[in-house]
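See structure below.
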Amino acid sequence: MTRALTVPKLPLTRRRLMEGALAAGLLAGQSRLAFAQGRLTLHRGNGAEPGSLDPHRVAGTWESRIVGEMLMGLMTEDAAGQAVPGMAIAQEASADGLTWTFTIRPDAVWSDGTPVTAGDFEYAWKRILDPATAAEYASILHGLKNARAVNLGEMPVDALGVRASGDKTLVVELEHPMPYLLEMITHTAFSPVPRHQVETLGEDWVKPGSYLSNGAYKLADWRPNDRIILTRNEKFWDNANVQIDEVIFYSISDNNAALRRFRTGELDMNPGWPVQQGPDLKKSMPDQALIHQMLGVSYIVANTKRPPFDDVRVRKALSLAVDRKAITDQVFMGFSGVPAYSFVPTGIANYPGTPKVGFVDMAMPERQAEARRLLAEAGFSKANPLRFALSYRSGNDDARRYVIAVQAMWKMVGIEAELDPREPKVLYDLLKEKDFTVGEAGWVADFNDPYNFLFLAHSKSERFNYPNFNDAEYDRLLDAAEREPDLGRRGELLAEAEQILLDSHTFMPTYFLVSRNLVGRHVTGYVGNVNDVYRTRWLGIDASKKG
């Protein structure tokens with residue numbers, strides 16, 4: 001899934017500083033009042049402003065982080081981000097793994113008291129795959145029987161392999177066995193929606209006062225570009241074990257601003273902190289500025305639709321010249337991950353992890369010399385250098401540091417890259433529409449399986465296949481792996497495919513991601529995890545430690 005992004009900072013005027021101080025005082029006063037009244041409010045920074053809270057319209061972690069508090073799928077996440085039963089109290093798979101039957105918990109209701117039914121799931125999954133919905137994340141459901149054909153409009157929506165058998169039984173048919181199914185369906189795209197509300201209100205069902213939840217929280221207010229307020233859903237089946245009464249998500253794209261608000265007590269948590277502050281934070285608040293390994297990769301893509309990037313020699317030269325270790329150890333000072341010489345992160349489940357770029361053991365001087373040789377062979381020289389625009393996320397300090405370093409590394413082999421900052425949403429729209437030359441991108445796993453990374457380069461992935469990589473053997477291996485019931489053999493097939501991808505130098509991995517979270521020492525129940533998921537229903541506040 002696309003990671004939370006940032007936007008440019010506003011200049012700090014005297015008025016803004018005064019307004020910020022006043023806001024801090026008001027929030028601190030509100031927090032003290034909440035504690036005095038026995039009402040617990042959790043203040044969470046959330047990165048970018050959400051584009052939607054409709055589970056079929058979201059695409060980023062900054063949106064799913066909120067939607068996941070309100071909507072619960074058949075499976076959900078526990079405190080450690082692992083898949084556990086949600087709306088389903090039981091599931092049974094057929095011997096061939098192609099048919100799954102889920103039993104919906106009898107006490108599950110929407111926040112208006114209407115029972116959650118298997119029909120709500122059937123309706124939701126058909127809705128996200130309906131071509132008319134144009135859901136960006138529809139492809140994650142393509143493993144369901146006939147899903148891709150339905151999504152492309154080649155078959156009617158009713159042909160989808162999902163059906164309600166009574167109010168509390170959902171039967172799901174698959175195109176092939178999916179060993180990661182139970183983890184995958186924790187994803188926001190598999191959430192149910194309240195059919196009775198959506199059919200009555202249409203797109204307005206997501207507004208405060210109309211949004212119906214089956215999860216721990218419900219939507220109370222949405223103040224654009226400021227905050228989204230969720231309050232306890234008293235009708236949630238496990239409400240008795242929920243500690244936090246209210247959670248407020250703030251749209252704070254600037255991690256420096258978020259850190260200031262965290263220090264003053266305005267925020268209890270934030271998904272990020274500025275890397276340049278790492279050495280100081282490691283000394284001043286090591287128990288609150290946290291780092292965890294996660295399943296994610298930062299990479300560079302070159303648009304193969306635009307010459308000369310249809311030439312593998314040019315793409316390989318770009319990749320050779322990037323000193324990954326210098327980026328992680330010097331640019332990011334060890335606070336933003338480790339060098340990536342494969343596209344699939346190390347340690348992922350069901351995978352041998354053997355593929356690597358061919359130059360992994362070459363010293364940088366050798367790599368630079370080879371990059372120059374390839375560029376010369378492709379027709380470039382000092383008199384005729386390779387020139388292009390490198391598009392990246394504006395307002396994101398990590399991205400800015402990263403591309404400045406890459407630009408300098410490319411210059412050392414005679415490549416002239418002009419930095420092209422774009423607002424995050426604009427950048428990802430350009431990548432998806434193939435309206436770019438070279439760009440920086442990132443991906444975080446939706447579920448713990450190598451396929452969730454490798455499917456990005458499948459020719460059928462369309463919008464997620466930013467560089468327009470197209471290789472028949474790669475597609476064949478991925479398709480064969482999806483039909484392979486033996487996990488060991490499946491991993492081998494996926495590894496063969498990844499090596500083809502790495503040798504193409506279309507997706508150029510640079511470093512594997514870590515999560516950097518600010519978590520107040522008064523926040524209880526926080527468990528760092530590779531999925532970087534922290535649902536508020538598992539958290540609490542120890543008022544004695546807040547100060």
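Every chain in the structure tokens takes a letter, A first, then B, and so on in the order presented; its residues are numbered from 1, and the ligands are numbered from 1 following the presented order.
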Can you pull out the residues contacting range 379-381 of chain A? Cut-off 12 Å, using only C-alpha atoms, and skip same-chain residues under 3 positions away; I want them as a list in words. Pro308, Asp311, Arg313, Val314, Ala317, Ala371, Arg372, Arg373, Leu374, Leu375, Ala376, Asn384, Pro385, Leu386, Arg387, Val413, Gly414, Ile415 and Glu416 of chain A
Residues near Ala90 in chain A, anyone? I mean within 10 Å using only C-alpha atoms, not counting same-chain ones fewer than 6 positions away, as a PyMOL selection string. chain A and resi 74+101-105+169
Output N, CA and C atoms for every residue in that selection, as an mmCIF file, in the first residue's frame.
```cif
data_model
loop_
_atom_site.group_PDB
_atom_site.id
_atom_site.type_symbol
_atom_site.label_atom_id
_atom_site.label_comp_id
_atom_site.auth_asym_id
_atom_site.auth_seq_id
_atom_site.Cartn_x
_atom_site.Cartn_y
_atom_site.Cartn_z
ATOM 1 N N LEU A 74 -13.897 -9.730 7.772
ATOM 2 C CA LEU A 74 -14.021 -11.082 8.314
ATOM 3 C C LEU A 74 -12.880 -11.373 9.280
ATOM 4 N N THR A 101 -15.772 -21.091 3.523
ATOM 5 C CA THR A 101 -17.070 -20.750 4.105
ATOM 6 C C THR A 101 -16.841 -20.058 5.446
ATOM 7 N N PHE A 102 -17.359 -18.849 5.570
ATOM 8 C CA PHE A 102 -17.186 -18.044 6.777
ATOM 9 C C PHE A 102 -18.521 -17.893 7.508
ATOM 10 N N THR A 103 -18.470 -18.004 8.805
ATOM 11 C CA THR A 103 -19.655 -17.799 9.641
ATOM 12 C C THR A 103 -19.531 -16.448 10.334
ATOM 13 N N ILE A 104 -20.509 -15.572 10.116
ATOM 14 C CA ILE A 104 -20.499 -14.225 10.693
ATOM 15 C C ILE A 104 -20.982 -14.281 12.135
ATOM 16 N N ARG A 105 -20.317 -13.548 13.015
ATOM 17 C CA ARG A 105 -20.695 -13.587 14.428
ATOM 18 C C ARG A 105 -22.130 -13.081 14.623
ATOM 19 N N THR A 169 -23.823 -16.655 6.769
ATOM 20 C CA THR A 169 -22.851 -17.544 6.125
ATOM 21 C C THR A 169 -22.435 -16.959 4.783
#
```
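Residue neighbourhood of range 146-160 of chain A, excluding near-sequence residues (fewer than 4 positions): Leu129, Asp130, Pro131 and His142 of chain A, at 6 Å, using only C-alpha atoms.
The shortest atom-to-atom distance to Thr188 in chain A, with only C-alpha atoms taken into account, belongs to A:Leu53 out of A:Leu53, A:Ala480, A:Leu419, A:Val530.
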Using DSSP secondary structure from the backbone, list all strand (DSSP E or B) positions within range 53-259 of chain A, as a PyMOL selection string. chain A and resi 60+75-77+83-85+88-93+99-104+109+115+144+162-164+169-174+217-223+227-232+246-250
Report as a list in words all protein, DNA and RNA residues lying within 9 Å of Val193 in chain A, evaluated on only C-alpha atoms, omitting residues in the same chain fewer than 3 positions from it. Asp54, Pro55, Leu71, Asp120, Phe121, Tyr123, Ala124, His196, Gln197, Val198, Leu212, Ser213 and Asn214 of chain A
Keeping N, CA and C atoms for every residue in the selection just given, could you write it to a file as a PDB file, in the first residue's frame?
```pdb
ATOM      1  N   ASP A  54     -14.448   6.085   2.341  1.00  0.00           N
ATOM      2  CA  ASP A  54     -15.138   4.953   1.733  1.00  0.00           C
ATOM      3  C   ASP A  54     -14.083   3.868   1.505  1.00  0.00           C
ATOM      4  N   PRO A  55     -14.269   2.660   2.047  1.00  0.00           N
ATOM      5  CA  PRO A  55     -13.232   1.635   1.901  1.00  0.00           C
ATOM      6  C   PRO A  55     -12.937   1.271   0.460  1.00  0.00           C
ATOM      7  N   LEU A  71     -14.493   0.181  10.339  1.00  0.00           N
ATOM      8  CA  LEU A  71     -15.010  -0.972   9.622  1.00  0.00           C
ATOM      9  C   LEU A  71     -14.141  -2.194   9.908  1.00  0.00           C
ATOM     10  N   ASP A 120     -24.027  -8.098   3.397  1.00  0.00           N
ATOM     11  CA  ASP A 120     -23.263  -6.849   3.379  1.00  0.00           C
ATOM     12  C   ASP A 120     -21.876  -7.073   2.781  1.00  0.00           C
ATOM     13  N   PHE A 121     -21.283  -8.222   3.098  1.00  0.00           N
ATOM     14  CA  PHE A 121     -19.975  -8.552   2.521  1.00  0.00           C
ATOM     15  C   PHE A 121     -20.105  -8.825   1.026  1.00  0.00           C
ATOM     16  N   TYR A 123     -22.334  -7.726  -1.044  1.00  0.00           N
ATOM     17  CA  TYR A 123     -22.609  -6.441  -1.702  1.00  0.00           C
ATOM     18  C   TYR A 123     -21.331  -5.608  -1.815  1.00  0.00           C
ATOM     19  N   ALA A 124     -20.539  -5.557  -0.717  1.00  0.00           N
ATOM     20  CA  ALA A 124     -19.332  -4.739  -0.702  1.00  0.00           C
ATOM     21  C   ALA A 124     -18.306  -5.234  -1.703  1.00  0.00           C
ATOM     22  N   HIS A 196     -27.848  -1.178   3.283  1.00  0.00           N
ATOM     23  CA  HIS A 196     -29.072  -0.386   3.406  1.00  0.00           C
ATOM     24  C   HIS A 196     -28.773   1.111   3.412  1.00  0.00           C
ATOM     25  N   GLN A 197     -27.623   1.509   3.961  1.00  0.00           N
ATOM     26  CA  GLN A 197     -27.261   2.920   4.018  1.00  0.00           C
ATOM     27  C   GLN A 197     -26.689   3.411   2.695  1.00  0.00           C
ATOM     28  N   VAL A 198     -25.850   2.588   2.072  1.00  0.00           N
ATOM     29  CA  VAL A 198     -25.237   2.984   0.802  1.00  0.00           C
ATOM     30  C   VAL A 198     -26.297   3.111  -0.288  1.00  0.00           C
ATOM     31  N   LEU A 212     -22.043   4.526   8.910  1.00  0.00           N
ATOM     32  CA  LEU A 212     -22.348   3.448   9.844  1.00  0.00           C
ATOM     33  C   LEU A 212     -21.132   2.547  10.001  1.00  0.00           C
ATOM     34  N   SER A 213     -20.823   2.225  11.243  1.00  0.00           N
ATOM     35  CA  SER A 213     -19.645   1.419  11.556  1.00  0.00           C
ATOM     36  C   SER A 213     -20.043   0.066  12.112  1.00  0.00           C
ATOM     37  N   ASN A 214     -19.183  -0.924  11.882  1.00  0.00           N
ATOM     38  CA  ASN A 214     -19.314  -2.203  12.579  1.00  0.00           C
ATOM     39  C   ASN A 214     -18.071  -2.481  13.417  1.00  0.00           C
TER      40      ASN A 214
END
```
Please provide as a count of residues only all residues within 6 Å of Ser251 in chain A, with the sequence filter that same-chain residues fewer than 2 positions apart are discarded (counting only C-alpha atoms). 7
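Separating CA of Arg127 in chain A from CA of Ser191 in chain A is a distance of 11.1 Å.
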Take CA of Ile140 in chain A and CA of Ile252 in chain A and report the distance between them in Å, one decimal. 28.5 Å
Among range 59-91 of chain A, which ones does DSSP assign to helix (DSSP H, G or I) (computed from the backbone)? Answer as an mmCIF file with N, CA and C atoms, in the first residue's frame.
```
data_model
loop_
_atom_site.group_PDB
_atom_site.id
_atom_site.type_symbol
_atom_site.label_atom_id
_atom_site.label_comp_id
_atom_site.auth_asym_id
_atom_site.auth_seq_id
_atom_site.Cartn_x
_atom_site.Cartn_y
_atom_site.Cartn_z
ATOM 1 N N THR A 61 -2.138 4.457 3.455
ATOM 2 C CA THR A 61 -2.184 4.095 4.871
ATOM 3 C C THR A 61 -2.824 5.198 5.706
ATOM 4 N N TRP A 62 -2.682 6.452 5.289
ATOM 5 C CA TRP A 62 -3.265 7.566 6.033
ATOM 6 C C TRP A 62 -4.798 7.533 5.982
ATOM 7 N N GLU A 63 -5.365 6.813 5.024
ATOM 8 C CA GLU A 63 -6.813 6.637 4.950
ATOM 9 C C GLU A 63 -7.244 5.336 5.629
ATOM 10 N N SER A 64 -6.540 4.244 5.308
ATOM 11 C CA SER A 64 -6.921 2.953 5.888
ATOM 12 C C SER A 64 -6.712 2.937 7.395
ATOM 13 N N ARG A 65 -5.781 3.772 7.886
ATOM 14 C CA ARG A 65 -5.559 3.856 9.330
ATOM 15 C C ARG A 65 -6.848 4.286 10.047
ATOM 16 N N ILE A 66 -7.620 5.165 9.417
ATOM 17 C CA ILE A 66 -8.867 5.651 10.013
ATOM 18 C C ILE A 66 -10.014 4.703 9.720
ATOM 19 N N VAL A 67 -10.144 4.280 8.462
ATOM 20 C CA VAL A 67 -11.234 3.382 8.083
ATOM 21 C C VAL A 67 -11.185 2.097 8.898
ATOM 22 N N GLY A 68 -9.964 1.599 9.166
ATOM 23 C CA GLY A 68 -9.817 0.370 9.932
ATOM 24 C C GLY A 68 -10.288 0.478 11.370
ATOM 25 N N GLU A 69 -10.448 1.695 11.878
ATOM 26 C CA GLU A 69 -11.011 1.881 13.214
ATOM 27 C C GLU A 69 -12.527 1.721 13.208
ATOM 28 N N MET A 70 -13.137 1.957 12.023
ATOM 29 C CA MET A 70 -14.600 1.993 11.946
ATOM 30 C C MET A 70 -15.215 0.764 11.290
#
```
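The space between CA of Lys356 in chain A and CA of Ala457 in chain A spans 16.3 Å.
The residue that comes closest to Asn531 in chain A, out of A:Gln293, A:Thr231, A:Ser210, A:Ser139 and on the basis of only C-alpha atoms, is A:Gln293.
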